[in-house]
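**Q** To be precise about what I am sending: the file is called structure.cif and holds mmCIF, C-alpha atoms.
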```cif
data_model
loop_
_atom_site.label_atom_id
_atom_site.label_comp_id
_atom_site.auth_asym_id
_atom_site.auth_seq_id
_atom_site.Cartn_x
_atom_site.Cartn_y
_atom_site.Cartn_z
CA MET A 1 48.58 -7.79 -119.34
CA TYR A 2 45.03 -6.49 -119.54
CA LYS A 3 44.13 -9.51 -121.61
CA ALA A 4 45.45 -11.78 -118.94
CA GLN A 5 43.48 -9.97 -116.28
CA PHE A 6 40.36 -10.10 -118.39
CA PHE A 7 40.84 -13.79 -118.93
CA LEU A 8 41.26 -14.30 -115.25
CA LEU A 9 38.08 -12.35 -114.61
CA ILE A 10 36.18 -14.50 -117.08
CA VAL A 11 37.50 -17.64 -115.45
CA LEU A 12 36.51 -16.34 -112.03
CA VAL A 13 33.04 -15.42 -113.21
CA LEU A 14 32.58 -18.80 -114.86
CA PHE A 15 33.91 -20.56 -111.83
CA SER A 16 31.62 -18.70 -109.44
CA CYS A 17 28.67 -19.25 -111.77
CA LYS A 18 29.41 -22.93 -111.82
CA LYS A 19 29.52 -23.05 -108.06
CA MET A 20 26.33 -21.09 -107.63
CA PRO A 21 23.76 -23.85 -108.01
CA LYS A 22 25.73 -26.15 -105.75
CA GLU A 23 25.98 -23.53 -103.04
CA SER A 24 22.33 -22.75 -103.22
CA THR A 25 21.43 -26.37 -102.60
CA GLU A 26 23.92 -26.47 -99.73
CA SER A 27 22.43 -23.40 -98.13
CA LYS A 28 18.89 -24.69 -98.32
CA GLU A 29 17.03 -24.55 -95.04
CA VAL A 30 18.63 -26.68 -92.34
CA THR A 31 16.11 -28.89 -90.61
CA ILE A 32 16.76 -30.20 -87.15
CA THR A 33 14.78 -32.86 -85.36
CA THR A 34 14.46 -32.58 -81.60
CA LEU A 35 14.28 -35.90 -79.79
CA ASN A 36 13.54 -36.75 -76.18
CA TYR A 37 15.33 -39.64 -74.51
CA GLU A 38 12.64 -42.16 -75.32
CA GLN A 39 13.24 -41.34 -78.98
CA LEU A 40 17.03 -41.11 -78.74
CA LYS A 41 17.61 -44.31 -76.78
CA PRO A 42 16.79 -46.78 -79.60
CA LEU A 43 19.36 -45.01 -81.76
CA LEU A 44 22.00 -45.73 -79.12
CA HIS A 45 21.21 -49.44 -79.09
CA LYS A 46 20.92 -50.58 -82.70
CA LYS A 47 21.88 -54.15 -83.39
CA ASP A 48 22.71 -53.92 -87.10
CA ASP A 49 26.12 -54.33 -88.73
CA LYS A 50 27.10 -50.65 -88.47
CA THR A 51 29.41 -48.96 -85.99
CA TYR A 52 27.94 -45.78 -84.55
CA VAL A 53 29.81 -42.77 -83.24
CA PHE A 54 27.55 -40.49 -81.17
CA ASN A 55 29.11 -37.20 -80.12
CA PHE A 56 27.33 -35.10 -77.48
CA TRP A 57 28.05 -31.43 -78.05
CA ALA A 58 26.63 -27.90 -78.13
CA THR A 59 27.46 -24.73 -80.04
CA TRP A 60 28.29 -22.96 -76.75
CA CYS A 61 30.75 -25.68 -75.74
CA MET A 62 34.18 -24.50 -76.85
CA PRO A 63 36.06 -27.83 -76.70
CA CYS A 64 33.11 -29.49 -78.49
CA VAL A 65 33.28 -27.05 -81.37
CA LYS A 66 37.04 -27.48 -81.47
CA GLU A 67 36.81 -31.26 -81.89
CA LEU A 68 33.93 -31.27 -84.42
CA PRO A 69 36.27 -31.25 -87.44
CA ALA A 70 37.70 -34.55 -86.19
CA PHE A 71 34.20 -36.08 -86.21
CA GLU A 72 33.48 -34.58 -89.62
CA LYS A 73 36.68 -36.06 -90.97
CA LEU A 74 35.86 -39.42 -89.42
CA ASN A 75 32.43 -39.33 -91.04
CA GLU A 76 33.93 -38.49 -94.41
CA LYS A 77 36.60 -41.19 -94.27
CA PHE A 78 34.53 -43.98 -92.79
CA LYS A 79 31.03 -43.50 -94.15
CA ASP A 80 31.71 -46.12 -96.81
CA LYS A 81 33.04 -48.48 -94.15
CA ASN A 82 29.78 -49.02 -92.34
CA VAL A 83 30.37 -46.25 -89.82
CA GLU A 84 27.81 -43.57 -89.00
CA VAL A 85 28.67 -40.39 -87.13
CA VAL A 86 25.81 -38.64 -85.34
CA LEU A 87 26.25 -35.27 -83.66
CA VAL A 88 23.78 -34.93 -80.78
CA SER A 89 23.36 -31.27 -79.94
CA LEU A 90 22.50 -30.36 -76.37
CA ASP A 91 21.90 -26.73 -77.23
CA PHE A 92 19.08 -25.10 -75.31
CA LEU A 93 15.75 -25.16 -77.18
CA ARG A 94 15.82 -21.39 -77.67
CA GLN A 95 19.23 -21.71 -79.38
CA ILE A 96 18.14 -23.95 -82.24
CA GLU A 97 17.18 -21.09 -84.54
CA SER A 98 19.65 -18.51 -83.21
CA ASP A 99 22.78 -20.66 -82.90
CA LEU A 100 22.50 -24.29 -83.96
CA LYS A 101 21.04 -23.90 -87.47
CA PRO A 102 23.34 -21.01 -88.45
CA PHE A 103 26.31 -23.00 -87.12
CA ILE A 104 25.46 -26.09 -89.20
CA LYS A 105 24.96 -23.94 -92.27
CA GLU A 106 28.07 -21.86 -91.83
CA LYS A 107 30.39 -24.79 -91.02
CA LYS A 108 28.71 -26.93 -93.69
CA ILE A 109 28.38 -29.82 -91.26
CA GLN A 110 27.99 -33.06 -93.22
CA SER A 111 27.45 -35.54 -90.39
CA LYS A 112 23.95 -36.20 -89.19
CA VAL A 113 22.89 -33.69 -86.50
CA LEU A 114 20.13 -34.34 -83.98
CA HIS A 115 18.91 -32.03 -81.26
CA PHE A 116 18.27 -33.70 -77.94
CA GLU A 117 16.19 -32.20 -75.16
CA ASP A 118 14.98 -34.11 -72.13
CA SER A 119 14.56 -32.64 -68.68
CA ASN A 120 15.02 -35.95 -66.88
CA GLU A 121 18.81 -35.69 -66.69
CA GLN A 122 18.88 -37.79 -63.53
CA PHE A 123 17.73 -40.71 -65.62
CA TRP A 124 19.25 -40.36 -69.06
CA ILE A 125 22.82 -39.34 -68.21
CA ARG A 126 23.29 -42.50 -66.19
CA ASP A 127 21.30 -44.58 -68.66
CA ILE A 128 23.62 -43.53 -71.49
CA ALA A 129 26.70 -44.29 -69.40
CA GLU A 130 26.83 -45.11 -65.70
CA ASN A 131 30.19 -43.34 -65.34
CA TRP A 132 29.24 -40.12 -67.19
CA SER A 133 29.33 -37.19 -64.76
CA GLY A 134 27.59 -35.05 -67.37
CA SER A 135 30.37 -32.96 -68.86
CA ILE A 136 30.55 -32.40 -72.59
CA PRO A 137 32.13 -33.10 -75.00
CA ALA A 138 31.37 -36.78 -74.58
CA THR A 139 31.29 -39.58 -77.13
CA LEU A 140 29.71 -43.01 -77.39
CA ILE A 141 31.07 -45.51 -79.87
CA TYR A 142 29.20 -48.78 -80.28
CA ASN A 143 28.28 -51.63 -82.52
CA ALA A 144 26.54 -54.94 -81.97
CA GLN A 145 29.63 -56.38 -80.24
CA LYS A 146 31.19 -53.54 -78.32
CA ARG A 147 30.30 -50.32 -76.57
CA LYS A 148 32.45 -47.61 -74.98
CA PHE A 149 31.80 -44.15 -73.57
CA TYR A 150 34.35 -41.35 -73.46
CA GLU A 151 33.94 -38.25 -71.28
CA GLN A 152 36.77 -36.38 -73.00
CA SER A 153 37.88 -34.43 -76.06
CA PHE A 154 39.33 -36.17 -79.10
CA SER A 155 41.90 -35.34 -81.72
CA TYR A 156 41.32 -37.00 -85.09
CA GLU A 157 44.12 -39.51 -84.48
CA GLU A 158 42.77 -40.51 -81.08
CA LEU A 159 39.27 -40.83 -82.47
CA GLN A 160 40.34 -42.89 -85.44
CA ASN A 161 42.41 -45.18 -83.23
CA GLU A 162 39.44 -45.73 -80.95
CA LEU A 163 37.15 -46.41 -83.87
CA GLN A 164 39.63 -48.95 -85.27
CA THR A 165 39.30 -51.02 -82.11
CA PHE A 166 35.61 -51.43 -83.05
CA LEU A 167 36.28 -52.34 -86.67
CA ASN A 168 38.95 -54.98 -86.21
CA MET B 15 49.14 -46.06 -81.61
CA LEU B 16 50.22 -47.68 -78.35
CA LEU B 17 51.19 -44.30 -76.96
CA VAL B 18 47.81 -42.87 -77.83
CA VAL B 19 45.99 -45.79 -76.26
CA ALA B 20 48.18 -45.46 -73.19
CA SER B 21 47.47 -41.76 -72.90
CA ILE B 22 43.73 -42.27 -73.34
CA SER B 23 43.60 -44.95 -70.70
CA ALA B 24 45.74 -42.75 -68.44
CA PHE B 25 43.14 -40.05 -68.86
CA THR B 26 40.31 -42.44 -68.06
CA VAL B 27 42.05 -43.45 -64.86
CA ASN B 28 42.59 -39.79 -64.04
CA SER B 29 38.98 -38.83 -64.57
CA SER B 30 37.76 -41.54 -62.25
CA LYS B 31 39.98 -40.17 -59.49
CA GLY B 32 38.76 -37.60 -57.05
CA TYR B 33 36.50 -37.84 -54.04
CA LYS B 34 33.70 -40.25 -53.46
CA VAL B 35 30.98 -39.74 -50.88
CA GLY B 36 32.46 -40.59 -47.48
CA ASP B 37 35.98 -39.43 -48.35
CA GLU B 38 37.79 -36.77 -46.35
CA ALA B 39 38.23 -33.58 -48.39
CA SER B 40 41.36 -31.51 -48.16
CA ASP B 41 41.41 -27.77 -47.55
CA PHE B 42 42.85 -25.29 -50.05
CA LYS B 43 44.09 -21.75 -50.07
CA LEU B 44 42.91 -19.79 -53.10
CA LYS B 45 42.68 -16.18 -54.13
CA ASN B 46 39.23 -14.64 -53.81
CA ILE B 47 37.86 -11.92 -56.07
CA ASP B 48 38.45 -9.40 -53.25
CA ASP B 49 42.18 -10.27 -53.48
CA THR B 50 42.26 -12.01 -50.11
CA MET B 51 43.33 -15.63 -49.71
CA VAL B 52 40.55 -17.97 -48.59
CA SER B 53 40.74 -21.37 -46.89
CA LEU B 54 37.94 -23.48 -45.50
CA ALA B 55 39.80 -23.39 -42.18
CA ASP B 56 39.02 -19.66 -42.01
CA TYR B 57 35.38 -20.54 -41.35
CA LYS B 58 35.67 -21.54 -37.71
CA ASP B 59 31.92 -21.58 -37.09
CA ALA B 60 30.91 -23.37 -40.27
CA LYS B 61 29.26 -26.78 -39.92
CA GLY B 62 30.14 -27.58 -43.48
CA PHE B 63 30.37 -26.16 -46.98
CA ILE B 64 28.57 -26.14 -50.28
CA VAL B 65 31.63 -26.16 -52.56
CA VAL B 66 30.74 -25.55 -56.18
CA PHE B 67 33.02 -25.58 -59.19
CA THR B 68 31.66 -23.03 -61.62
CA CYS B 69 32.83 -20.44 -64.15
CA ASN B 70 31.90 -17.28 -66.01
CA MET B 71 31.16 -18.54 -69.48
CA CYS B 72 29.29 -21.83 -69.28
CA PRO B 73 25.54 -21.46 -69.92
CA TYR B 74 24.83 -24.09 -67.27
CA SER B 75 26.85 -22.10 -64.75
CA LYS B 76 25.03 -18.93 -65.70
CA ALA B 77 21.68 -20.69 -65.42
CA ASN B 78 22.57 -21.62 -61.84
CA GLU B 79 24.06 -18.38 -60.51
CA ASN B 80 20.82 -17.15 -58.99
CA ARG B 81 20.31 -20.53 -57.39
CA LEU B 82 23.79 -20.38 -55.84
CA ILE B 83 23.05 -16.95 -54.38
CA ALA B 84 19.76 -18.26 -52.97
CA LEU B 85 21.54 -21.29 -51.47
CA ASP B 86 24.18 -19.08 -49.86
CA LYS B 87 21.56 -16.72 -48.43
CA LYS B 88 19.60 -19.58 -46.99
CA TYR B 89 22.41 -21.76 -45.66
CA LYS B 90 25.26 -19.42 -44.73
CA LYS B 91 23.43 -18.44 -41.56
CA LYS B 92 22.74 -22.09 -40.81
CA GLY B 93 26.44 -22.90 -41.04
CA PHE B 94 26.76 -24.12 -44.65
CA PRO B 95 28.13 -21.28 -46.79
CA VAL B 96 28.60 -21.55 -50.55
CA ILE B 97 32.22 -21.52 -51.71
CA ALA B 98 32.53 -21.10 -55.49
CA ILE B 99 35.71 -22.06 -57.32
CA ASN B 100 36.63 -21.32 -60.93
CA SER B 101 39.14 -23.92 -62.11
CA ASN B 102 39.20 -23.09 -65.81
CA ASP B 103 42.52 -22.25 -67.41
CA SER B 104 41.99 -18.66 -68.52
CA GLU B 105 44.49 -19.20 -71.33
CA VAL B 106 42.09 -21.73 -72.80
CA SER B 107 38.89 -19.97 -71.75
CA LYS B 108 39.60 -16.26 -72.08
CA GLY B 109 36.41 -15.23 -70.33
CA ASP B 110 37.50 -16.92 -67.13
CA SER B 111 40.41 -14.68 -66.16
CA PHE B 112 40.65 -13.45 -62.58
CA GLU B 113 39.65 -9.97 -63.74
CA ALA B 114 36.63 -11.36 -65.60
CA MET B 115 35.65 -13.27 -62.45
CA LYS B 116 35.60 -10.01 -60.51
CA VAL B 117 33.36 -8.45 -63.14
CA ARG B 118 30.95 -11.38 -63.21
CA ALA B 119 30.71 -11.57 -59.40
CA LYS B 120 29.93 -7.87 -59.21
CA GLU B 121 27.35 -8.03 -62.02
CA LYS B 122 25.52 -10.88 -60.36
CA GLY B 123 26.06 -9.70 -56.79
CA PHE B 124 27.67 -12.90 -55.54
CA THR B 125 27.24 -13.15 -51.76
CA PHE B 126 29.87 -15.90 -51.53
CA PRO B 127 33.60 -16.14 -52.20
CA TYR B 128 34.47 -16.80 -55.83
CA LEU B 129 37.92 -18.35 -55.81
CA PHE B 130 40.46 -18.62 -58.59
CA ASP B 131 42.03 -22.11 -58.83
CA GLU B 132 45.10 -20.60 -60.39
CA GLY B 133 47.33 -23.68 -60.44
CA GLN B 134 44.40 -25.96 -61.33
CA GLU B 135 45.30 -28.21 -58.43
CA VAL B 136 42.06 -28.19 -56.48
CA TYR B 137 39.59 -29.51 -59.04
CA PRO B 138 41.50 -32.75 -59.84
CA LYS B 139 41.76 -33.50 -56.11
CA TYR B 140 38.01 -33.16 -55.75
CA GLY B 141 37.35 -34.94 -59.03
CA ALA B 142 35.29 -32.09 -60.42
CA THR B 143 34.79 -32.59 -64.16
CA LYS B 144 32.43 -29.82 -65.13
CA THR B 145 30.65 -26.62 -64.21
CA PRO B 146 28.58 -26.43 -62.14
CA HIS B 147 29.66 -29.39 -60.02
CA VAL B 148 28.70 -29.40 -56.32
CA PHE B 149 30.52 -31.08 -53.41
CA ILE B 150 28.84 -30.81 -50.01
CA LEU B 151 31.31 -31.15 -47.14
CA ASN B 152 30.27 -31.84 -43.56
CA LYS B 153 32.58 -30.99 -40.65
CA LYS B 154 33.03 -33.95 -38.35
CA ASN B 155 35.69 -33.94 -35.61
CA ASP B 156 37.49 -31.19 -37.53
CA LYS B 157 37.52 -33.31 -40.66
CA LEU B 158 35.66 -32.36 -43.82
CA ILE B 159 33.70 -35.35 -45.07
CA VAL B 160 32.23 -35.39 -48.60
CA GLU B 161 28.51 -36.11 -48.20
CA TYR B 162 27.12 -35.27 -51.63
CA ILE B 163 28.44 -34.89 -55.19
CA GLY B 164 26.47 -33.69 -58.17
CA ALA B 165 23.84 -31.25 -59.36
CA ILE B 166 22.13 -28.37 -57.57
CA ASP B 167 18.66 -29.65 -58.41
CA ASP B 168 16.77 -31.68 -60.99
CA SER B 169 16.40 -28.92 -63.59
CA SER B 170 19.83 -27.57 -64.41
CA ARG B 171 18.67 -25.53 -67.41
CA ASP B 172 15.51 -23.98 -66.08
CA GLU B 173 15.07 -22.86 -62.50
CA ASN B 174 11.34 -22.42 -63.00
CA ASN B 175 10.98 -26.13 -63.56
CA VAL B 176 12.70 -27.45 -60.43
CA LYS B 177 10.89 -30.28 -58.69
CA GLU B 178 13.61 -31.64 -56.44
CA ARG B 179 16.25 -29.51 -54.74
CA PHE B 180 19.10 -31.98 -54.22
CA VAL B 181 21.53 -29.65 -52.47
CA GLU B 182 18.90 -28.18 -50.15
CA ASN B 183 17.64 -31.64 -49.25
CA ALA B 184 21.17 -32.87 -48.55
CA VAL B 185 22.12 -29.89 -46.37
CA ASP B 186 18.79 -30.06 -44.52
CA ALA B 187 19.50 -33.71 -43.72
CA LEU B 188 23.03 -32.91 -42.51
CA LEU B 189 21.70 -30.09 -40.32
CA LYS B 190 19.40 -32.64 -38.68
CA GLY B 191 22.36 -34.95 -38.14
CA GLU B 192 21.14 -37.35 -40.79
CA LYS B 193 22.69 -38.70 -43.98
CA PRO B 194 21.38 -37.27 -47.25
CA THR B 195 19.14 -39.75 -49.07
CA LYS B 196 20.50 -38.78 -52.49
CA THR B 197 24.26 -38.43 -52.61
CA ASP B 198 25.11 -38.75 -56.31
CA THR B 199 23.15 -36.85 -58.96
CA ARG B 200 23.95 -35.94 -62.54
CA ALA B 201 23.53 -32.92 -64.75
CA ILE B 202 25.04 -31.80 -68.01
CA GLY B 203 27.78 -29.21 -67.64
CA CYS B 204 30.77 -27.67 -69.38
CA SER B 205 33.99 -29.60 -69.01
CA ILE B 206 36.62 -27.83 -66.91
CA LYS B 207 39.16 -26.36 -69.33
CA ASP B 208 42.69 -27.63 -68.77
CA LYS B 209 45.28 -27.67 -71.53
CA ARG B 210 47.32 -30.28 -69.64
CA ARG B 211 44.65 -32.83 -70.45
CA ARG B 212 45.35 -32.64 -74.16
#
```
Go ahead and express the file in the form of structure tokens.
**A**
Amino acid sequence: MYKAQFFLLIVLVLFSCKKMPKESTESKEVTITTLNYEQLKPLLHKKDDKTYVFNFWATWCMPCVKELPAFEKLNEKFKDKNVEVVLVSLDFLRQIESDLKPFIKEKKIQSKVLHFEDSNEQFWIRDIAENWSGSIPATLIYNAQKRKFYEQSFSYEELQNELQTFLN
Amino acid sequence: MLLVVASISAFTVNSSKGYKVGDEASDFKLKNIDDTMVSLADYKDAKGFIVVFTCNMCPYSKANENRLIALDKKYKKKGFPVIAINSNDSEVSKGDSFEAMKVRAKEKGFTFPYLFDEGQEVYPKYGATKTPHVFILNKKNDKLIVEYIGAIDDSSRDENNVKERFVENAVDALLKGEKPTKTDTRAIGCSIKDKRRR
């Protein structure tokens, strides 16, 4: 009995030791680039062979946080299929250190995260999508042939089905 | 797959519903934080209304609370009071319960009614999608005509950086008997929480 427990302890210690280096690289400092619209816009209009999924979100936006796992899963399953998921955070500037970076670290977000800050909302909301009233979550899916904007929340199934219409 | 596509397109159709500038808005009867029922028809002397969909929790709503109070103070006496409506489902957004609304209104010293859209029937009629979302109504032959839809001003996050006051400009124009020059503006906001949409 004791032997078994000891063995288990050894295994646990070994296991946690093994994980240590990996975790420490994962928890290395998160760096976030803040873009204005002039810098973001070219990323929303690439003409290469990839399909891009841009999700507009913020850590304070409850339905955004709720749907993030769907985007993470999409990124994981489709990254080898020429699909790139980009999470565009609309967190306030002062929240980058206090909320955004800890969130990315804690949730181990694997998709690319950008921070976007541009005061000229009157221009860029409409320029991203004429029919976007400005609510988040919102998602843009595009490739060289097709482009669609969604002012809504997604489940993984809905998101994957939408993405498929771009890949077929 | 088909079902999902159908439901997504149904949603898209839904979200494009709601009022456009020039439409006649309907009245409502909603519970205010002082436990009275409030309708726009109660305001016999009003020339119009600054109706704003807002809530307790959204940082964009919070960033605009002082501006709403200032708007109400300035325009209530001119005949355009602010009417605030919280349309969030408090089951989805716990901080938006009727009790929490009372607390928030007291904390901030709201000078305007803060109404609870309990059945979530008002916001889809108006086509409000987010908080804050402003609809300016102008009374014309006892009808309420939508004259402006959008943001409070051009700096939703930071009131110290406002250059253009959209709502003030629109109401000033209406008070002069003119049409607002800008009638459709955009700002980021928190989507209105409604579990029926999922």
**Q** Show me, as JSON lines, the residues of chain A having an atom within 12 Å of chain B, each with the closest atom pair and its distance in Å, using all atoms listed in the file.
**A**
```
{"residue": "A:Phe56", "atom": "CA", "partner": "B:Ile202", "partner_atom": "CA", "distance": 10.3}
{"residue": "A:Trp57", "atom": "CA", "partner": "B:Cys204", "partner_atom": "CA", "distance": 9.8}
{"residue": "A:Ala58", "atom": "CA", "partner": "B:Cys204", "partner_atom": "CA", "distance": 9.7}
{"residue": "A:Thr59", "atom": "CA", "partner": "B:Pro73", "partner_atom": "CA", "distance": 10.8}
{"residue": "A:Trp60", "atom": "CA", "partner": "B:Pro73", "partner_atom": "CA", "distance": 7.5}
{"residue": "A:Cys61", "atom": "CA", "partner": "B:Cys204", "partner_atom": "CA", "distance": 6.7}
{"residue": "A:Met62", "atom": "CA", "partner": "B:Ser107", "partner_atom": "CA", "distance": 8.3}
{"residue": "A:Pro63", "atom": "CA", "partner": "B:Lys207", "partner_atom": "CA", "distance": 8.1}
{"residue": "A:Cys64", "atom": "CA", "partner": "B:Ser205", "partner_atom": "CA", "distance": 9.5}
{"residue": "A:Lys66", "atom": "CA", "partner": "B:Val106", "partner_atom": "CA", "distance": 11.6}
{"residue": "A:Glu67", "atom": "CA", "partner": "B:Arg212", "partner_atom": "CA", "distance": 11.6}
{"residue": "A:Leu90", "atom": "CA", "partner": "B:Ile202", "partner_atom": "CA", "distance": 8.9}
{"residue": "A:Asp91", "atom": "CA", "partner": "B:Pro73", "partner_atom": "CA", "distance": 9.7}
{"residue": "A:Phe92", "atom": "CA", "partner": "B:Arg171", "partner_atom": "CA", "distance": 7.9}
{"residue": "A:Leu93", "atom": "CA", "partner": "B:Arg171", "partner_atom": "CA", "distance": 10.2}
{"residue": "A:Arg94", "atom": "CA", "partner": "B:Arg171", "partner_atom": "CA", "distance": 11.4}
{"residue": "A:Gln95", "atom": "CA", "partner": "B:Pro73", "partner_atom": "CA", "distance": 11.4}
{"residue": "A:Glu117", "atom": "CA", "partner": "B:Arg171", "partner_atom": "CA", "distance": 10.5}
{"residue": "A:Asp118", "atom": "CA", "partner": "B:Ser169", "partner_atom": "CA", "distance": 10.1}
{"residue": "A:Ser119", "atom": "CA", "partner": "B:Ser169", "partner_atom": "CA", "distance": 6.6}
{"residue": "A:Asn120", "atom": "CA", "partner": "B:Asp168", "partner_atom": "CA", "distance": 7.5}
{"residue": "A:Glu121", "atom": "CA", "partner": "B:Ala201", "partner_atom": "CA", "distance": 5.8}
{"residue": "A:Gln122", "atom": "CA", "partner": "B:Arg200", "partner_atom": "CA", "distance": 5.5}
{"residue": "A:Phe123", "atom": "CA", "partner": "B:Arg200", "partner_atom": "CA", "distance": 8.4}
{"residue": "A:Trp124", "atom": "CA", "partner": "B:Arg200", "partner_atom": "CA", "distance": 9.2}
{"residue": "A:Ile125", "atom": "CA", "partner": "B:Arg200", "partner_atom": "CA", "distance": 6.7}
{"residue": "A:Arg126", "atom": "CA", "partner": "B:Arg200", "partner_atom": "CA", "distance": 7.5}
{"residue": "A:Asp127", "atom": "CA", "partner": "B:Arg200", "partner_atom": "CA", "distance": 10.9}
{"residue": "A:Ile128", "atom": "CA", "partner": "B:Arg200", "partner_atom": "CA", "distance": 11.7}
{"residue": "A:Ala129", "atom": "CA", "partner": "B:Arg200", "partner_atom": "CA", "distance": 11.2}
{"residue": "A:Glu130", "atom": "CA", "partner": "B:Arg200", "partner_atom": "CA", "distance": 10.1}
{"residue": "A:Asn131", "atom": "CA", "partner": "B:Ser30", "partner_atom": "CA", "distance": 8.4}
{"residue": "A:Trp132", "atom": "CA", "partner": "B:Arg200", "partner_atom": "CA", "distance": 8.2}
{"residue": "A:Ser133", "atom": "CA", "partner": "B:Arg200", "partner_atom": "CA", "distance": 6.0}
{"residue": "A:Gly134", "atom": "CA", "partner": "B:Ile202", "partner_atom": "CA", "distance": 4.2}
{"residue": "A:Ser135", "atom": "CA", "partner": "B:Gly203", "partner_atom": "CA", "distance": 4.7}
{"residue": "A:Ile136", "atom": "CA", "partner": "B:Ser205", "partner_atom": "CA", "distance": 5.7}
{"residue": "A:Pro137", "atom": "CA", "partner": "B:Ser205", "partner_atom": "CA", "distance": 7.2}
{"residue": "A:Ala138", "atom": "CA", "partner": "B:Ser205", "partner_atom": "CA", "distance": 9.5}
{"residue": "A:Lys148", "atom": "CA", "partner": "B:Thr26", "partner_atom": "CA", "distance": 11.7}
{"residue": "A:Phe149", "atom": "CA", "partner": "B:Thr26", "partner_atom": "CA", "distance": 10.3}
{"residue": "A:Tyr150", "atom": "CA", "partner": "B:Thr26", "partner_atom": "CA", "distance": 8.1}
{"residue": "A:Glu151", "atom": "CA", "partner": "B:Thr26", "partner_atom": "CA", "distance": 8.3}
{"residue": "A:Gln152", "atom": "CA", "partner": "B:Ser205", "partner_atom": "CA", "distance": 8.3}
{"residue": "A:Ser153", "atom": "CA", "partner": "B:Arg212", "partner_atom": "CA", "distance": 7.9}
{"residue": "A:Phe154", "atom": "CA", "partner": "B:Arg212", "partner_atom": "CA", "distance": 8.6}
{"residue": "A:Ser155", "atom": "CA", "partner": "B:Arg212", "partner_atom": "CA", "distance": 8.7}
{"residue": "A:Tyr156", "atom": "CA", "partner": "B:Val18", "partner_atom": "CA", "distance": 11.4}
{"residue": "A:Glu157", "atom": "CA", "partner": "B:Val18", "partner_atom": "CA", "distance": 8.3}
{"residue": "A:Glu158", "atom": "CA", "partner": "B:Val18", "partner_atom": "CA", "distance": 6.4}
{"residue": "A:Leu159", "atom": "CA", "partner": "B:Val18", "partner_atom": "CA", "distance": 9.9}
{"residue": "A:Gln160", "atom": "CA", "partner": "B:Met15", "partner_atom": "CA", "distance": 10.1}
{"residue": "A:Asn161", "atom": "CA", "partner": "B:Met15", "partner_atom": "CA", "distance": 7.0}
{"residue": "A:Glu162", "atom": "CA", "partner": "B:Val19", "partner_atom": "CA", "distance": 8.1}
{"residue": "A:Leu163", "atom": "CA", "partner": "B:Val19", "partner_atom": "CA", "distance": 11.7}
{"residue": "A:Gln164", "atom": "CA", "partner": "B:Met15", "partner_atom": "CA", "distance": 10.6}
{"residue": "A:Thr165", "atom": "CA", "partner": "B:Val19", "partner_atom": "CA", "distance": 10.3}
```
**Q** Any chance you could resolve the PyMOL selection byres ((chain B and resi 64) around 10) against this file and give the residues as an mmCIF file with C-alpha atoms, keeping the file's coordinate frame?
**A**
```cif
data_model
loop_
_atom_site.group_PDB
_atom_site.id
_atom_site.type_symbol
_atom_site.label_atom_id
_atom_site.label_comp_id
_atom_site.auth_asym_id
_atom_site.auth_seq_id
_atom_site.Cartn_x
_atom_site.Cartn_y
_atom_site.Cartn_z
ATOM 1 C CA GLY B 62 30.140 -27.580 -43.480
ATOM 2 C CA PHE B 63 30.370 -26.160 -46.980
ATOM 3 C CA VAL B 65 31.630 -26.160 -52.560
ATOM 4 C CA VAL B 66 30.740 -25.550 -56.180
ATOM 5 C CA PHE B 67 33.020 -25.580 -59.190
ATOM 6 C CA LEU B 82 23.790 -20.380 -55.840
ATOM 7 C CA LEU B 85 21.540 -21.290 -51.470
ATOM 8 C CA ASP B 86 24.180 -19.080 -49.860
ATOM 9 C CA TYR B 89 22.410 -21.760 -45.660
ATOM 10 C CA LYS B 90 25.260 -19.420 -44.730
ATOM 11 C CA PHE B 94 26.760 -24.120 -44.650
ATOM 12 C CA PRO B 95 28.130 -21.280 -46.790
ATOM 13 C CA VAL B 96 28.600 -21.550 -50.550
ATOM 14 C CA ILE B 97 32.220 -21.520 -51.710
ATOM 15 C CA ALA B 98 32.530 -21.100 -55.490
ATOM 16 C CA VAL B 148 28.700 -29.400 -56.320
ATOM 17 C CA PHE B 149 30.520 -31.080 -53.410
ATOM 18 C CA ILE B 150 28.840 -30.810 -50.010
ATOM 19 C CA LEU B 151 31.310 -31.150 -47.140
ATOM 20 C CA ASN B 152 30.270 -31.840 -43.560
ATOM 21 C CA TYR B 162 27.120 -35.270 -51.630
ATOM 22 C CA ILE B 166 22.130 -28.370 -57.570
ATOM 23 C CA VAL B 181 21.530 -29.650 -52.470
ATOM 24 C CA GLU B 182 18.900 -28.180 -50.150
ATOM 25 C CA VAL B 185 22.120 -29.890 -46.370
#
```
**Q** Please give the centre and size of the box around stretch 59-78 of chain A (axis-aligned, containing every atom listed in the file, 3 Å added per side), with values in Å to one decimal and written as AutoDock Vina command-line options.
**A**
```
--center_x 32.6 --center_y -33.5 --center_z -85.1 --size_x 16.2 --size_y 27.0 --size_z 24.7
```
**Q** For the atom pair atom CA of B:Val136 and atom CA of B:Ser101, what is the interatomic distance in Å to one decimal place?
**A**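 So the answer is 7.6 Å.
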**Q** I'd like the neighbourhood of B:Tyr128 as a PyMOL selection string, where a residue qualifies if any of its atoms comes within 12 Å (using only C-alpha atoms), though same-chain residues fewer than 4 positions away should be ignored.
**A** chain B and resi 44-53+65-70+79+82-83+95-101+110+112-120+122-124
**Q** Per residue of stretch 70-136 of chain A within 8 Å of stretch 29-46 of chain A, what are the shortest atom pair and its distance in Å to one decimal, counting only C-alpha atoms, with rows by chain and residue number, as a tab-separated table?
**A**
```
residue	atom	partner	partner_atom	distance
A:Lys101	CA	A:Val30	CA	6.1
A:Ile104	CA	A:Val30	CA	7.5
A:Lys105	CA	A:Val30	CA	6.9
A:Val113	CA	A:Ile32	CA	7.1
A:Leu114	CA	A:Thr33	CA	5.7
A:His115	CA	A:Thr34	CA	4.5
A:Phe116	CA	A:Leu35	CA	4.9
A:Glu117	CA	A:Asn36	CA	5.4
A:Asp118	CA	A:Asn36	CA	5.0
A:Trp124	CA	A:Tyr37	CA	6.8
```
